[in-house]
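Okay, final_32.cif now, which holds mmCIF, C-alpha atoms:
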data_query
#
loop_
_atom_site.group_PDB
_atom_site.id
_atom_site.type_symbol
_atom_site.label_atom_id
_atom_site.label_comp_id
_atom_site.auth_asym_id
_atom_site.auth_seq_id
_atom_site.Cartn_x
_atom_site.Cartn_y
_atom_site.Cartn_z
ATOM 1 C CA MET A 1 108.998 99.665 100.168
ATOM 2 C CA ASN A 2 105.986 100.873 98.300
ATOM 3 C CA SER A 3 105.092 98.926 95.166
ATOM 4 C CA HIS A 4 102.866 101.696 93.928
ATOM 5 C CA THR A 5 105.696 104.106 93.261
ATOM 6 C CA THR A 6 106.747 102.168 90.153
ATOM 7 C CA ASP A 7 105.036 103.040 86.911
ATOM 8 C CA HIS A 8 102.242 100.582 86.497
ATOM 9 C CA GLU A 9 100.861 101.206 83.091
ATOM 10 C CA HIS A 10 99.891 97.633 82.365
ATOM 11 C CA GLY A 11 96.511 98.094 83.937
ATOM 12 C CA HIS A 12 96.052 94.934 85.973
ATOM 13 C CA ASP A 13 94.733 94.809 89.472
ATOM 14 C CA HIS A 14 97.416 95.237 92.082
ATOM 15 C CA THR A 15 95.142 95.423 95.084
ATOM 16 C CA VAL A 16 96.896 92.399 96.566
ATOM 17 C CA PHE A 17 99.964 94.584 97.125
ATOM 18 C CA GLN A 18 97.943 96.615 99.598
ATOM 19 C CA LYS A 19 99.039 94.146 102.212
ATOM 20 C CA ASP A 20 102.503 95.613 102.023
ATOM 21 C CA ILE A 21 101.276 98.723 103.781
ATOM 22 C CA THR A 22 101.078 96.660 106.952
ATOM 23 C CA GLU A 23 104.193 97.408 108.937
ATOM 24 C CA PRO A 24 106.379 94.418 109.765
ATOM 25 C CA LYS A 25 105.785 93.145 113.274
ATOM 26 C CA GLU A 26 107.598 89.867 113.467
ATOM 27 C CA ASP A 27 111.339 89.334 113.748
ATOM 28 C CA TRP A 28 111.433 87.367 110.520
ATOM 29 C CA GLU A 29 109.787 90.203 108.607
ATOM 30 C CA PHE A 30 112.541 92.553 109.753
ATOM 31 C CA LEU A 31 115.067 89.897 108.808
ATOM 32 C CA GLU A 32 113.655 89.737 105.268
ATOM 33 C CA ILE A 33 114.019 93.501 104.852
ATOM 34 C CA ALA A 34 117.565 93.450 106.234
ATOM 35 C CA ILE A 35 118.689 90.597 103.976
ATOM 36 C CA ARG A 36 117.133 92.189 100.920
ATOM 37 C CA GLU A 37 118.630 95.612 101.558
ATOM 38 C CA LEU A 38 122.086 94.158 102.153
ATOM 39 C CA LEU A 39 121.979 91.964 99.046
ATOM 40 C CA ILE A 40 120.977 94.983 96.965
ATOM 41 C CA GLU A 41 123.642 97.249 98.532
ATOM 42 C CA LYS A 42 126.306 94.636 97.856
ATOM 43 C CA ASN A 43 125.109 94.127 94.271
ATOM 44 C CA VAL A 44 124.348 90.483 94.857
ATOM 45 C CA LEU A 45 120.772 91.009 93.680
ATOM 46 C CA SER A 46 119.033 93.979 92.140
ATOM 47 C CA ALA A 47 115.687 95.376 93.234
ATOM 48 C CA ARG A 48 114.500 95.046 89.641
ATOM 49 C CA GLU A 49 115.270 91.325 89.545
ATOM 50 C CA ILE A 50 113.388 90.716 92.773
ATOM 51 C CA GLN A 51 110.404 92.648 91.474
ATOM 52 C CA ASP A 52 110.456 90.720 88.179
ATOM 53 C CA GLU A 53 110.585 87.428 90.023
ATOM 54 C CA ILE A 54 107.635 88.480 92.172
ATOM 55 C CA GLU A 55 105.636 89.376 89.085
ATOM 56 C CA ALA A 56 106.560 86.003 87.568
ATOM 57 C CA TRP A 57 104.844 84.382 90.565
ATOM 58 C CA GLU A 58 101.520 85.704 89.386
ATOM 59 C CA LYS A 59 101.947 83.919 86.075
ATOM 60 C CA LYS A 60 102.611 80.571 87.708
ATOM 61 C CA ASN A 61 99.646 78.246 87.457
ATOM 62 C CA PRO A 62 98.813 74.589 86.835
ATOM 63 C CA GLU A 63 98.130 75.194 83.121
ATOM 64 C CA LYS A 64 101.362 73.593 81.908
ATOM 65 C CA GLY A 65 100.641 70.428 83.834
ATOM 66 C CA ALA A 66 97.137 70.331 82.405
ATOM 67 C CA GLU A 67 98.481 70.639 78.846
ATOM 68 C CA ILE A 68 100.757 67.667 79.454
ATOM 69 C CA ILE A 69 97.916 65.552 80.831
ATOM 70 C CA ALA A 70 95.560 66.496 77.990
ATOM 71 C CA ARG A 71 98.187 65.424 75.468
ATOM 72 C CA SER A 72 98.643 62.119 77.277
ATOM 73 C CA TRP A 73 94.879 61.525 77.089
ATOM 74 C CA VAL A 74 94.723 61.979 73.343
ATOM 75 C CA ASP A 75 98.062 60.448 72.375
ATOM 76 C CA ASP A 76 98.896 57.019 73.780
ATOM 77 C CA ASP A 77 102.427 57.089 72.435
ATOM 78 C CA PHE A 78 103.045 60.355 74.214
ATOM 79 C CA LYS A 79 101.554 58.923 77.402
ATOM 80 C CA ASN A 80 103.912 55.961 77.220
ATOM 81 C CA ARG A 81 106.879 58.250 76.719
ATOM 82 C CA LEU A 82 105.670 60.372 79.648
ATOM 83 C CA LEU A 83 105.423 57.315 81.862
ATOM 84 C CA SER A 84 108.850 56.016 80.906
ATOM 85 C CA ASP A 85 110.766 59.328 81.050
ATOM 86 C CA GLY A 86 108.857 62.330 82.367
ATOM 87 C CA ASN A 87 111.564 64.919 81.778
ATOM 88 C CA LYS A 88 112.121 63.910 78.152
ATOM 89 C CA ALA A 89 108.410 63.768 77.348
ATOM 90 C CA VAL A 90 107.534 67.205 78.782
ATOM 91 C CA ALA A 91 110.497 68.676 76.908
ATOM 92 C CA GLU A 92 108.662 67.725 73.697
ATOM 93 C CA LEU A 93 106.022 70.274 74.729
ATOM 94 C CA GLY A 94 108.688 72.838 75.522
ATOM 95 C CA PHE A 95 108.690 72.424 79.309
ATOM 96 C CA THR A 96 111.833 71.889 81.308
ATOM 97 C CA VAL A 97 111.982 70.534 84.820
ATOM 98 C CA GLU A 98 115.514 71.446 85.658
ATOM 99 C CA SER A 99 117.775 69.182 87.711
ATOM 100 C CA LEU A 100 114.861 67.137 89.034
ATOM 101 C CA LYS A 101 113.552 63.760 88.029
ATOM 102 C CA LEU A 102 109.946 63.992 86.893
ATOM 103 C CA VAL A 103 107.867 60.859 87.343
ATOM 104 C CA ALA A 104 104.376 60.623 85.865
ATOM 105 C CA LEU A 105 101.940 58.187 87.475
ATOM 106 C CA GLU A 106 98.813 56.988 85.759
ATOM 107 C CA ASN A 107 95.535 56.614 87.628
ATOM 108 C CA THR A 108 93.393 53.749 86.397
ATOM 109 C CA ASP A 109 90.193 51.975 87.439
ATOM 110 C CA GLU A 110 92.318 49.800 89.743
ATOM 111 C CA LEU A 111 94.937 52.199 91.029
ATOM 112 C CA HIS A 112 94.805 55.766 92.363
ATOM 113 C CA HIS A 113 97.952 57.796 93.092
ATOM 114 C CA MET A 114 98.215 60.653 95.527
ATOM 115 C CA VAL A 115 101.283 62.847 96.053
ATOM 116 C CA VAL A 116 102.659 64.272 99.289
ATOM 117 C CA CYS A 117 105.981 65.557 100.533
ATOM 118 C CA THR A 118 106.124 64.370 104.132
ATOM 119 C CA LEU A 119 109.494 65.996 104.811
ATOM 120 C CA CYS A 120 108.866 69.454 103.405
ATOM 121 C CA SER A 121 106.899 70.745 100.436
ATOM 122 C CA CYS A 122 108.537 69.383 97.282
ATOM 123 C CA TYR A 123 106.186 70.016 94.390
ATOM 124 C CA PRO A 124 106.516 70.240 90.589
ATOM 125 C CA ARG A 125 106.328 74.040 90.653
ATOM 126 C CA THR A 126 107.429 74.546 87.076
ATOM 127 C CA LEU A 127 104.398 72.564 85.898
ATOM 128 C CA LEU A 128 101.792 73.214 88.600
ATOM 129 C CA GLY A 129 102.717 76.634 89.947
ATOM 130 C CA VAL A 130 102.973 77.463 93.631
ATOM 131 C CA PRO A 131 101.718 74.659 95.888
ATOM 132 C CA PRO A 132 98.470 75.206 97.794
ATOM 133 C CA LEU A 133 98.912 76.002 101.488
ATOM 134 C CA TRP A 134 97.390 72.700 102.600
ATOM 135 C CA TYR A 135 100.063 70.790 100.680
ATOM 136 C CA LYS A 136 102.654 72.377 102.979
ATOM 137 C CA SER A 137 100.622 71.867 106.148
ATOM 138 C CA ARG A 138 101.601 69.603 109.014
ATOM 139 C CA GLU A 139 98.207 67.887 108.790
ATOM 140 C CA TYR A 140 98.432 66.865 105.135
ATOM 141 C CA ARG A 141 102.067 65.834 105.420
ATOM 142 C CA SER A 142 101.376 63.704 108.489
ATOM 143 C CA ARG A 143 98.154 62.045 107.466
ATOM 144 C CA ALA A 144 98.449 61.462 103.720
ATOM 145 C CA VAL A 145 100.646 58.403 104.177
ATOM 146 C CA ARG A 146 98.706 56.906 107.067
ATOM 147 C CA GLU A 147 95.065 57.459 106.156
ATOM 148 C CA PRO A 148 94.863 58.544 102.527
ATOM 149 C CA ARG A 149 91.224 57.531 102.133
ATOM 150 C CA ALA A 150 90.181 59.691 105.068
ATOM 151 C CA VAL A 151 92.184 62.597 103.647
ATOM 152 C CA LEU A 152 90.584 62.092 100.232
ATOM 153 C CA ARG A 153 87.133 62.071 101.816
ATOM 154 C CA GLU A 154 87.930 65.416 103.454
ATOM 155 C CA PHE A 155 88.711 66.690 99.987
ATOM 156 C CA GLY A 156 85.353 65.388 98.794
ATOM 157 C CA THR A 157 86.960 62.611 96.793
ATOM 158 C CA THR A 158 85.633 59.114 97.300
ATOM 159 C CA ILE A 159 87.691 56.324 95.836
ATOM 160 C CA PRO A 160 85.944 52.924 95.931
ATOM 161 C CA ASP A 161 87.494 50.401 98.325
ATOM 162 C CA SER A 162 88.197 48.118 95.377
ATOM 163 C CA VAL A 163 90.673 50.687 94.011
ATOM 164 C CA GLU A 164 94.179 50.508 95.411
ATOM 165 C CA ILE A 165 95.546 53.809 96.683
ATOM 166 C CA ARG A 166 99.246 54.410 96.343
ATOM 167 C CA VAL A 167 100.703 57.445 98.089
ATOM 168 C CA VAL A 168 104.032 58.678 96.753
ATOM 169 C CA ASP A 169 106.402 60.822 98.797
ATOM 170 C CA SER A 170 108.268 63.513 96.858
ATOM 171 C CA THR A 171 111.875 64.365 97.508
ATOM 172 C CA ALA A 172 114.143 67.282 96.756
ATOM 173 C CA ASP A 173 115.284 65.463 93.614
ATOM 174 C CA CYS A 174 112.136 63.754 92.428
ATOM 175 C CA ARG A 175 108.708 65.238 91.639
ATOM 176 C CA TYR A 176 105.516 63.465 90.705
ATOM 177 C CA LEU A 177 102.762 64.326 88.274
ATOM 178 C CA VAL A 178 99.555 62.317 88.487
ATOM 179 C CA ILE A 179 97.750 61.515 85.241
ATOM 180 C CA PRO A 180 94.117 61.491 86.358
ATOM 181 C CA ARG A 181 91.632 59.151 84.660
ATOM 182 C CA ARG A 182 90.118 60.637 81.541
ATOM 183 C CA PRO A 183 86.445 61.328 82.260
ATOM 184 C CA ALA A 184 83.770 59.430 80.363
ATOM 185 C CA ASN A 185 82.106 60.920 77.264
ATOM 186 C CA THR A 186 84.999 63.188 76.377
ATOM 187 C CA GLU A 187 86.056 61.351 73.193
ATOM 188 C CA LYS A 188 84.916 64.211 70.968
ATOM 189 C CA MET A 189 86.499 66.981 73.006
ATOM 190 C CA SER A 190 89.533 68.855 71.709
ATOM 191 C CA GLU A 191 92.800 68.978 73.631
ATOM 192 C CA ALA A 192 92.094 72.597 74.558
ATOM 193 C CA GLU A 193 88.691 71.637 75.950
ATOM 194 C CA LEU A 194 90.183 68.728 77.877
ATOM 195 C CA VAL A 195 92.736 71.047 79.523
ATOM 196 C CA LYS A 196 89.860 72.767 81.330
ATOM 197 C CA LEU A 197 88.860 69.511 83.024
ATOM 198 C CA ILE A 198 92.302 68.932 84.483
ATOM 199 C CA THR A 199 92.548 70.652 87.838
ATOM 200 C CA ARG A 200 95.576 71.185 90.018
ATOM 201 C CA ASP A 201 94.222 68.768 92.614
ATOM 202 C CA SER A 202 93.630 66.071 90.006
ATOM 203 C CA MET A 203 97.350 66.207 89.187
ATOM 204 C CA ILE A 204 98.257 65.943 92.889
ATOM 205 C CA GLY A 205 95.815 63.057 93.175
ATOM 206 C CA THR A 206 93.570 64.561 95.839
ATOM 207 C CA ALA A 207 90.744 64.783 93.303
ATOM 208 C CA GLU A 208 89.692 63.266 90.017
ATOM 209 C CA ALA A 209 89.485 65.260 86.809
ATOM 210 C CA LEU A 210 86.244 67.176 86.276
ATOM 211 C CA ASP A 211 83.519 65.447 84.274
ATOM 212 C CA GLN A 212 82.653 66.255 80.657
ATOM 213 C CA HIS A 213 80.561 69.244 81.807
ATOM 214 C CA GLY A 214 83.399 70.661 83.874
ATOM 215 C CA GLN A 215 81.743 69.643 87.156
ATOM 216 C CA ARG A 216 83.171 67.672 90.030
ATOM 217 C CA SER A 217 81.983 64.119 89.574
ATOM 218 C CA MET B 139 112.884 53.738 119.121
ATOM 219 C CA THR B 140 114.830 56.125 116.949
ATOM 220 C CA THR B 141 114.400 59.844 117.282
ATOM 221 C CA ARG B 142 112.509 61.473 114.472
ATOM 222 C CA LEU B 143 113.830 64.493 112.661
ATOM 223 C CA ILE B 144 111.633 67.544 113.248
ATOM 224 C CA SER B 145 110.649 67.522 109.600
ATOM 225 C CA ASP B 146 109.737 63.834 109.571
ATOM 226 C CA LEU B 147 105.981 64.174 109.895
ATOM 227 C CA GLY B 148 104.813 61.232 107.792
ATOM 228 C CA GLY B 149 102.372 59.020 109.674
ATOM 229 C CA LEU B 150 102.059 61.142 112.803
ATOM 230 C CA PRO B 151 98.575 61.829 114.122
ATOM 231 C CA ALA B 152 97.216 65.229 113.099
ATOM 232 C CA GLY B 153 93.916 67.059 112.829
ATOM 233 C CA SER B 154 91.802 68.020 109.880
ATOM 234 C CA ILE B 155 93.371 69.773 106.923
ATOM 235 C CA ASP B 156 92.708 73.485 106.572
ATOM 236 C CA ARG B 157 92.186 74.046 102.869
ATOM 237 C CA SER B 158 91.723 77.790 102.957
ATOM 238 C CA GLU B 159 94.184 79.842 100.952
ATOM 239 C CA HIS B 160 95.418 83.346 101.538
ATOM 240 C CA GLU B 161 97.068 85.600 99.024
ATOM 241 C CA PRO B 162 100.775 85.567 99.732
ATOM 242 C CA THR B 163 101.959 88.732 101.466
ATOM 243 C CA MET B 164 104.691 90.865 99.943
ATOM 244 C CA THR B 165 107.132 89.594 102.563
ATOM 245 C CA GLU B 166 106.379 86.016 101.510
ATOM 246 C CA ARG B 167 106.679 86.857 97.826
ATOM 247 C CA ARG B 168 110.013 88.573 98.341
ATOM 248 C CA ILE B 169 111.420 85.685 100.337
ATOM 249 C CA ASP B 170 110.316 83.285 97.624
ATOM 250 C CA ALA B 171 111.781 85.491 94.893
ATOM 251 C CA MET B 172 115.143 85.909 96.613
ATOM 252 C CA MET B 173 115.370 82.215 97.341
ATOM 253 C CA ILE B 174 114.813 81.404 93.666
ATOM 254 C CA LEU B 175 117.289 84.032 92.444
ATOM 255 C CA LEU B 176 120.050 83.028 94.857
ATOM 256 C CA ARG B 177 119.744 79.362 93.978
ATOM 257 C CA ALA B 178 119.277 79.711 90.230
ATOM 258 C CA LYS B 179 121.886 80.266 87.551
ATOM 259 C CA PRO B 180 124.013 82.274 87.194
ATOM 260 C CA ARG B 181 124.478 82.605 90.970
ATOM 261 C CA SER B 182 123.917 79.003 92.038
ATOM 262 C CA PHE B 183 125.003 79.812 95.596
ATOM 263 C CA TRP B 184 123.472 76.594 96.875
ATOM 264 C CA VAL B 185 121.363 73.625 95.857
ATOM 265 C CA SER B 186 117.942 72.680 97.162
ATOM 266 C CA ASP B 187 119.371 69.960 99.430
ATOM 267 C CA GLU B 188 121.358 72.580 101.311
ATOM 268 C CA ASN B 189 118.225 74.631 101.666
ATOM 269 C CA ARG B 190 116.438 71.650 103.135
ATOM 270 C CA ARG B 191 119.317 70.786 105.424
ATOM 271 C CA THR B 192 119.226 74.257 106.963
ATOM 272 C CA ILE B 193 115.465 74.102 107.459
ATOM 273 C CA GLU B 194 115.743 70.678 109.059
ATOM 274 C CA SER B 195 118.447 71.852 111.429
ATOM 275 C CA LEU B 196 116.336 74.651 112.881
ATOM 276 C CA GLU B 197 115.595 74.336 116.582
ATOM 277 C CA PRO B 198 112.628 71.948 116.958
ATOM 278 C CA THR B 199 110.493 74.602 118.647
ATOM 279 C CA THR B 200 111.353 77.155 115.959
ATOM 280 C CA TYR B 201 110.461 74.646 113.259
ATOM 281 C CA ALA B 202 107.165 73.753 114.883
ATOM 282 C CA GLU B 203 106.091 77.284 115.690
ATOM 283 C CA SER B 204 107.261 79.251 112.706
ATOM 284 C CA ALA B 205 105.347 80.058 109.565
ATOM 285 C CA TYR B 206 106.410 78.412 106.311
ATOM 286 C CA TYR B 207 108.203 81.434 104.910
ATOM 287 C CA GLU B 208 109.660 82.246 108.301
ATOM 288 C CA ARG B 209 111.529 78.937 108.057
ATOM 289 C CA TRP B 210 112.604 79.900 104.564
ATOM 290 C CA VAL B 211 114.034 83.249 105.593
ATOM 291 C CA LEU B 212 115.863 81.666 108.530
ATOM 292 C CA ALA B 213 117.320 79.077 106.159
ATOM 293 C CA MET B 214 118.288 81.802 103.704
ATOM 294 C CA LYS B 215 120.058 83.680 106.480
ATOM 295 C CA SER B 216 122.115 80.688 107.570
ATOM 296 C CA LEU B 217 123.073 79.844 103.981
ATOM 297 C CA LEU B 218 124.108 83.423 103.237
ATOM 298 C CA LEU B 219 126.308 83.390 106.349
ATOM 299 C CA GLU B 220 127.656 79.923 105.634
ATOM 300 C CA LYS B 221 128.622 80.879 102.080
ATOM 301 C CA GLY B 222 130.239 84.109 103.254
ATOM 302 C CA ILE B 223 127.890 86.271 101.176
ATOM 303 C CA LEU B 224 126.854 88.192 104.285
ATOM 304 C CA THR B 225 128.443 88.371 107.720
ATOM 305 C CA GLU B 226 126.660 87.990 110.999
ATOM 306 C CA ALA B 227 127.850 91.421 112.153
ATOM 307 C CA GLU B 228 126.545 93.316 109.134
ATOM 308 C CA LEU B 229 123.266 91.452 109.242
ATOM 309 C CA ASP B 230 122.761 92.142 112.960
ATOM 310 C CA GLU B 231 123.521 95.796 112.395
ATOM 311 C CA LYS B 232 121.124 95.970 109.457
ATOM 312 C CA VAL B 233 118.314 94.267 111.347
ATOM 313 C CA SER B 234 118.503 96.763 114.208
ATOM 314 C CA GLU B 235 118.748 99.654 111.774
ATOM 315 C CA VAL B 236 115.648 98.437 109.905
ATOM 316 C CA ARG B 237 113.810 97.872 113.137
ATOM 317 C CA SER B 238 114.461 101.353 114.511
ATOM 318 C CA ARG B 239 113.698 102.947 111.153
ATOM 319 C CA LYS B 240 110.346 101.140 110.930
ATOM 320 C CA GLN B 241 109.468 101.906 114.517
ATOM 321 C CA LEU B 242 110.359 105.555 114.042
ATOM 322 C CA ALA B 243 108.124 105.692 110.992
ATOM 323 C CA LYS B 244 105.167 104.669 113.117
ATOM 324 C CA ILE B 245 105.446 107.602 115.530
#

Show me the file's structure as structure tokens.
Amino acid sequence: MNSHTTDHEHGHDHTVFQKDITEPKEDWEFLEIAIRELLIEKNVLSAREIQDEIEAWEKKNPEKGAEIIARSWVDDDFKNRLLSDGNKAVAELGFTVESLKLVALENTDELHHMVVCTLCSCYPRTLLGVPPLWYKSREYRSRAVREPRAVLREFGTTIPDSVEIRVVDSTADCRYLVIPRRPANTEKMSEAELVKLITRDSMIGTAEALDQHGQRS
Amino acid sequence: MTTRLISDLGGLPAGSIDRSEHEPTMTERRIDAMMILLRAKPRSFWVSDENRRTIESLEPTTYAESAYYERWVLAMKSLLLEKGILTEAELDEKVSEVRSRKQLAKI
């Protein structure tokens, strides 16, 4: 399949698709082609749908999660609703987390949360986009629950010993969203400005939010 | 001592975490896309627990040695067969057809 044969008039950079020119070498790559061709031949899926879904991938990012966190920083009532019923609260902002329980966890000066999925790679994709590769790695999955402080140090995140670290393990039915601590001196910032301080990793709990200048603290 | 499931990695010793990212390949993107489409409405061929069950029942060596999306495509295959959406015979035939077509294209 050659992605460049379709009419791309929307002018964005598709250089990443160059990789497709590489011929499949592995058994599983042949298997993917075979499954796809059969599903299309049998009208189970259409090529168009697959292509649309692939393009939707590029639009997935942690922005939605950051909007939710920013709102929780500026609106205590919203934060309380988010903490008591994640699904209901994010629906107020127009986000749906379908058929999964969404649990928000608040980081404080005494307690730091960090999320892992030891059994696979469960992740709140609808809010945070596609998980980073390390989240799915054997190393992160194995070590996060045993030596979270060491893992955090590898990520350049030092949590004082006086702060309790609580690691939560996601499941197929339950996803976590960490509410990082609001950085100091951000009282005058708008919600839109705050969004920029809320990184993907700060919502997984492997980092803190950026400081008021947008730098790692 | 109970036997661990292959997927049960929590607490096991492991090395440092590689935090480099690579752009997903087209094969990976297509697997991801098909998985989403087959599971989502209106098709709803299976639920995520079934997806996980099939991944967890891969041969331990396959699980350990295969790439993330390789596990996904193997799981997708077994679910498609299990649900009767594809048959083993037609899939086998298609795989060898694809393979010879791709190899021919290289000459």

Give me the chain A side of the contact with chain B, cut-off 7 Å, one line per residue showing its nearest atom pair and distance in Å at one decimal, counting only C-alpha atoms, sorted by chain and residue number, as CSV.
residue,atom,partner,partner_atom,distance
A:Phe17,CA,B:Met164,CA,6.6
A:Lys19,CA,B:Thr163,CA,6.2
A:Asp20,CA,B:Met164,CA,5.6
A:Trp28,CA,B:Glu208,CA,5.9
A:Glu29,CA,B:Thr165,CA,6.6
A:Phe30,CA,B:Val233,CA,6.2
A:Leu31,CA,B:Val233,CA,6.0
A:Glu32,CA,B:Val211,CA,6.5
A:Ala34,CA,B:Val233,CA,5.2
A:Ile50,CA,B:Ala171,CA,5.9
A:Glu53,CA,B:Ala171,CA,5.4
A:Ile54,CA,B:Ala171,CA,5.8
A:Thr118,CA,B:Gly148,CA,5.0
A:Leu119,CA,B:Ser145,CA,5.2
A:Cys120,CA,B:Ser145,CA,6.7
A:Leu133,CA,B:Glu159,CA,6.1
A:Trp134,CA,B:Arg157,CA,5.4
A:Glu139,CA,B:Ala152,CA,5.2
A:Tyr140,CA,B:Ile155,CA,6.1
A:Arg141,CA,B:Gly148,CA,5.9
A:Ser142,CA,B:Gly148,CA,4.3
A:Arg143,CA,B:Gly149,CA,5.6
A:Val145,CA,B:Gly149,CA,5.8
A:Arg146,CA,B:Gly149,CA,5.0
A:Ala172,CA,B:Asp187,CA,6.5

Output file for the residues above (C-alpha atoms, as a short mmCIF file (atom, residue, chain, number, x, y, z; two decimals), in the coordinates of the input):
data_model
loop_
_atom_site.label_atom_id
_atom_site.label_comp_id
_atom_site.auth_asym_id
_atom_site.auth_seq_id
_atom_site.Cartn_x
_atom_site.Cartn_y
_atom_site.Cartn_z
CA PHE A 17 99.96 94.58 97.12
CA LYS A 19 99.04 94.15 102.21
CA ASP A 20 102.50 95.61 102.02
CA TRP A 28 111.43 87.37 110.52
CA GLU A 29 109.79 90.20 108.61
CA PHE A 30 112.54 92.55 109.75
CA LEU A 31 115.07 89.90 108.81
CA GLU A 32 113.66 89.74 105.27
CA ALA A 34 117.56 93.45 106.23
CA ILE A 50 113.39 90.72 92.77
CA GLU A 53 110.58 87.43 90.02
CA ILE A 54 107.64 88.48 92.17
CA THR A 118 106.12 64.37 104.13
CA LEU A 119 109.49 66.00 104.81
CA CYS A 120 108.87 69.45 103.40
CA LEU A 133 98.91 76.00 101.49
CA TRP A 134 97.39 72.70 102.60
CA GLU A 139 98.21 67.89 108.79
CA TYR A 140 98.43 66.86 105.14
CA ARG A 141 102.07 65.83 105.42
CA SER A 142 101.38 63.70 108.49
CA ARG A 143 98.15 62.04 107.47
CA VAL A 145 100.65 58.40 104.18
CA ARG A 146 98.71 56.91 107.07
CA ALA A 172 114.14 67.28 96.76
#

Leaving out A:Leu105 and any residue of its chain fewer than 6 positions from it, which residues lie within 7 Å of it when counting only C-alpha atoms, given as an MDAnalysis selection string?
chainID A and resid 83 113 177:179

Could you spell out the hits of the PyMOL selection byres ((chain A and resi 167) around 8) on the shown file, as a list in words?
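Matching residues under the PyMOL selection byres ((chain A and resi 167) around 8) are His113, Met114, Val115, Val116, Ala144, Val145, Pro148, Ile165, Arg166, Val168 and Asp169 of chain A.
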
Contacts of A:Arg81 at 10 Å or less, counting only C-alpha atoms, minus same-chain residues fewer than 6 places along, as a VMD selection string?
chain A and resid 72 87 to 90 104

Evaluate the PyMOL selection byres ((chain A and resi 187-198) around 10) and record the selected residues as number ranges by chain, following the chain and residue labels used in the document.
A: 62-74, 179-186, 199-203, 207-216

Which is closest to B:Leu217 among A:Ile159, A:Leu93, A:Val151, A:Ile35, if we use all atoms listed in the file?
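Answer, going by the shortest atom-to-atom distance: A:Ile35.
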
Interatomic distance (Å, one decimal) between atom CA of A:Asn80 and atom CA of A:Thr96:
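The value is 18.3 Å.
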
In Å, rounded to a single decimal, give me how far atom CA of B:Phe183 is from atom CA of B:Glu220.
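Atom-to-atom, atom CA of B:Glu220 to atom CA of B:Phe183, that is 10.4 Å.
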
Where's the centre, and what are the edge lengths in Å to one decimal, of a box along x, y and z enclosing all listed atoms of stretch 158-170 of chain B padded 4 Å per side, as JSON?
{"center_x": 101.6, "center_y": 84.3, "center_z": 100.3, "size_x": 27.7, "size_y": 21.1, "size_z": 13.3}

Could you tell me how far atom CA of A:Thr206 sits from atom CA of A:Phe155, in Å to one decimal place?
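One can read the atom CA of A:Phe155 to atom CA of A:Thr206 distance as 6.7 Å.
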
Quick one: apply the PyMOL selection byres ((chain A and resi 173) around 9) to the file and drop the selected residues here as a list in words.
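Selected by the PyMOL selection byres ((chain A and resi 173) around 9) in this file: Ser99, Leu100, Lys101, Leu102, Cys122, Ser170, Thr171, Ala172, Cys174 and Arg175 of chain A; Ser186 and Asp187 of chain B.
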
Pick the closest to B:Ser182 from B:Ser238, B:Lys221, B:Thr141, B:Ser216: which is it, counting all atoms listed in the file?
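When distances to B:Ser182 are compared using all atoms listed in the file, the smallest one comes from B:Lys221.
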
Where atoms are lacking, stretch 153-160 of chain A completed to N, CA, C and O atoms, as a compact mmCIF listing (two decimals), keeping the file's coordinate frame:
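Dumped everything to result_18.txt:
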# COMPACT_ATOMS: atom_id res chain seq x y z
N ARG A 153 88.53 61.77 101.49
CA ARG A 153 87.13 62.07 101.82
C ARG A 153 86.99 63.52 102.26
O ARG A 153 86.04 64.21 101.90
N GLU A 154 87.97 64.00 103.04
CA GLU A 154 87.93 65.42 103.45
C GLU A 154 87.96 66.35 102.25
O GLU A 154 87.43 67.46 102.29
N PHE A 155 88.63 65.89 101.21
CA PHE A 155 88.71 66.69 99.99
C PHE A 155 87.49 66.46 99.09
O PHE A 155 87.44 66.96 97.97
N GLY A 156 86.56 65.66 99.58
CA GLY A 156 85.35 65.39 98.79
C GLY A 156 85.58 64.39 97.68
O GLY A 156 84.85 64.35 96.70
N THR A 157 86.61 63.57 97.83
CA THR A 157 86.96 62.61 96.79
C THR A 157 86.79 61.20 97.34
O THR A 157 87.52 60.82 98.27
N THR A 158 85.84 60.48 96.82
CA THR A 158 85.63 59.11 97.30
C THR A 158 86.16 58.13 96.28
O THR A 158 85.73 58.11 95.13
N ILE A 159 87.11 57.35 96.71
CA ILE A 159 87.69 56.32 95.84
C ILE A 159 87.15 54.98 96.35
O ILE A 159 87.29 54.68 97.53
N PRO A 160 86.52 54.20 95.47
CA PRO A 160 85.94 52.92 95.93
C PRO A 160 87.00 52.04 96.60
O PRO A 160 88.18 52.08 96.22
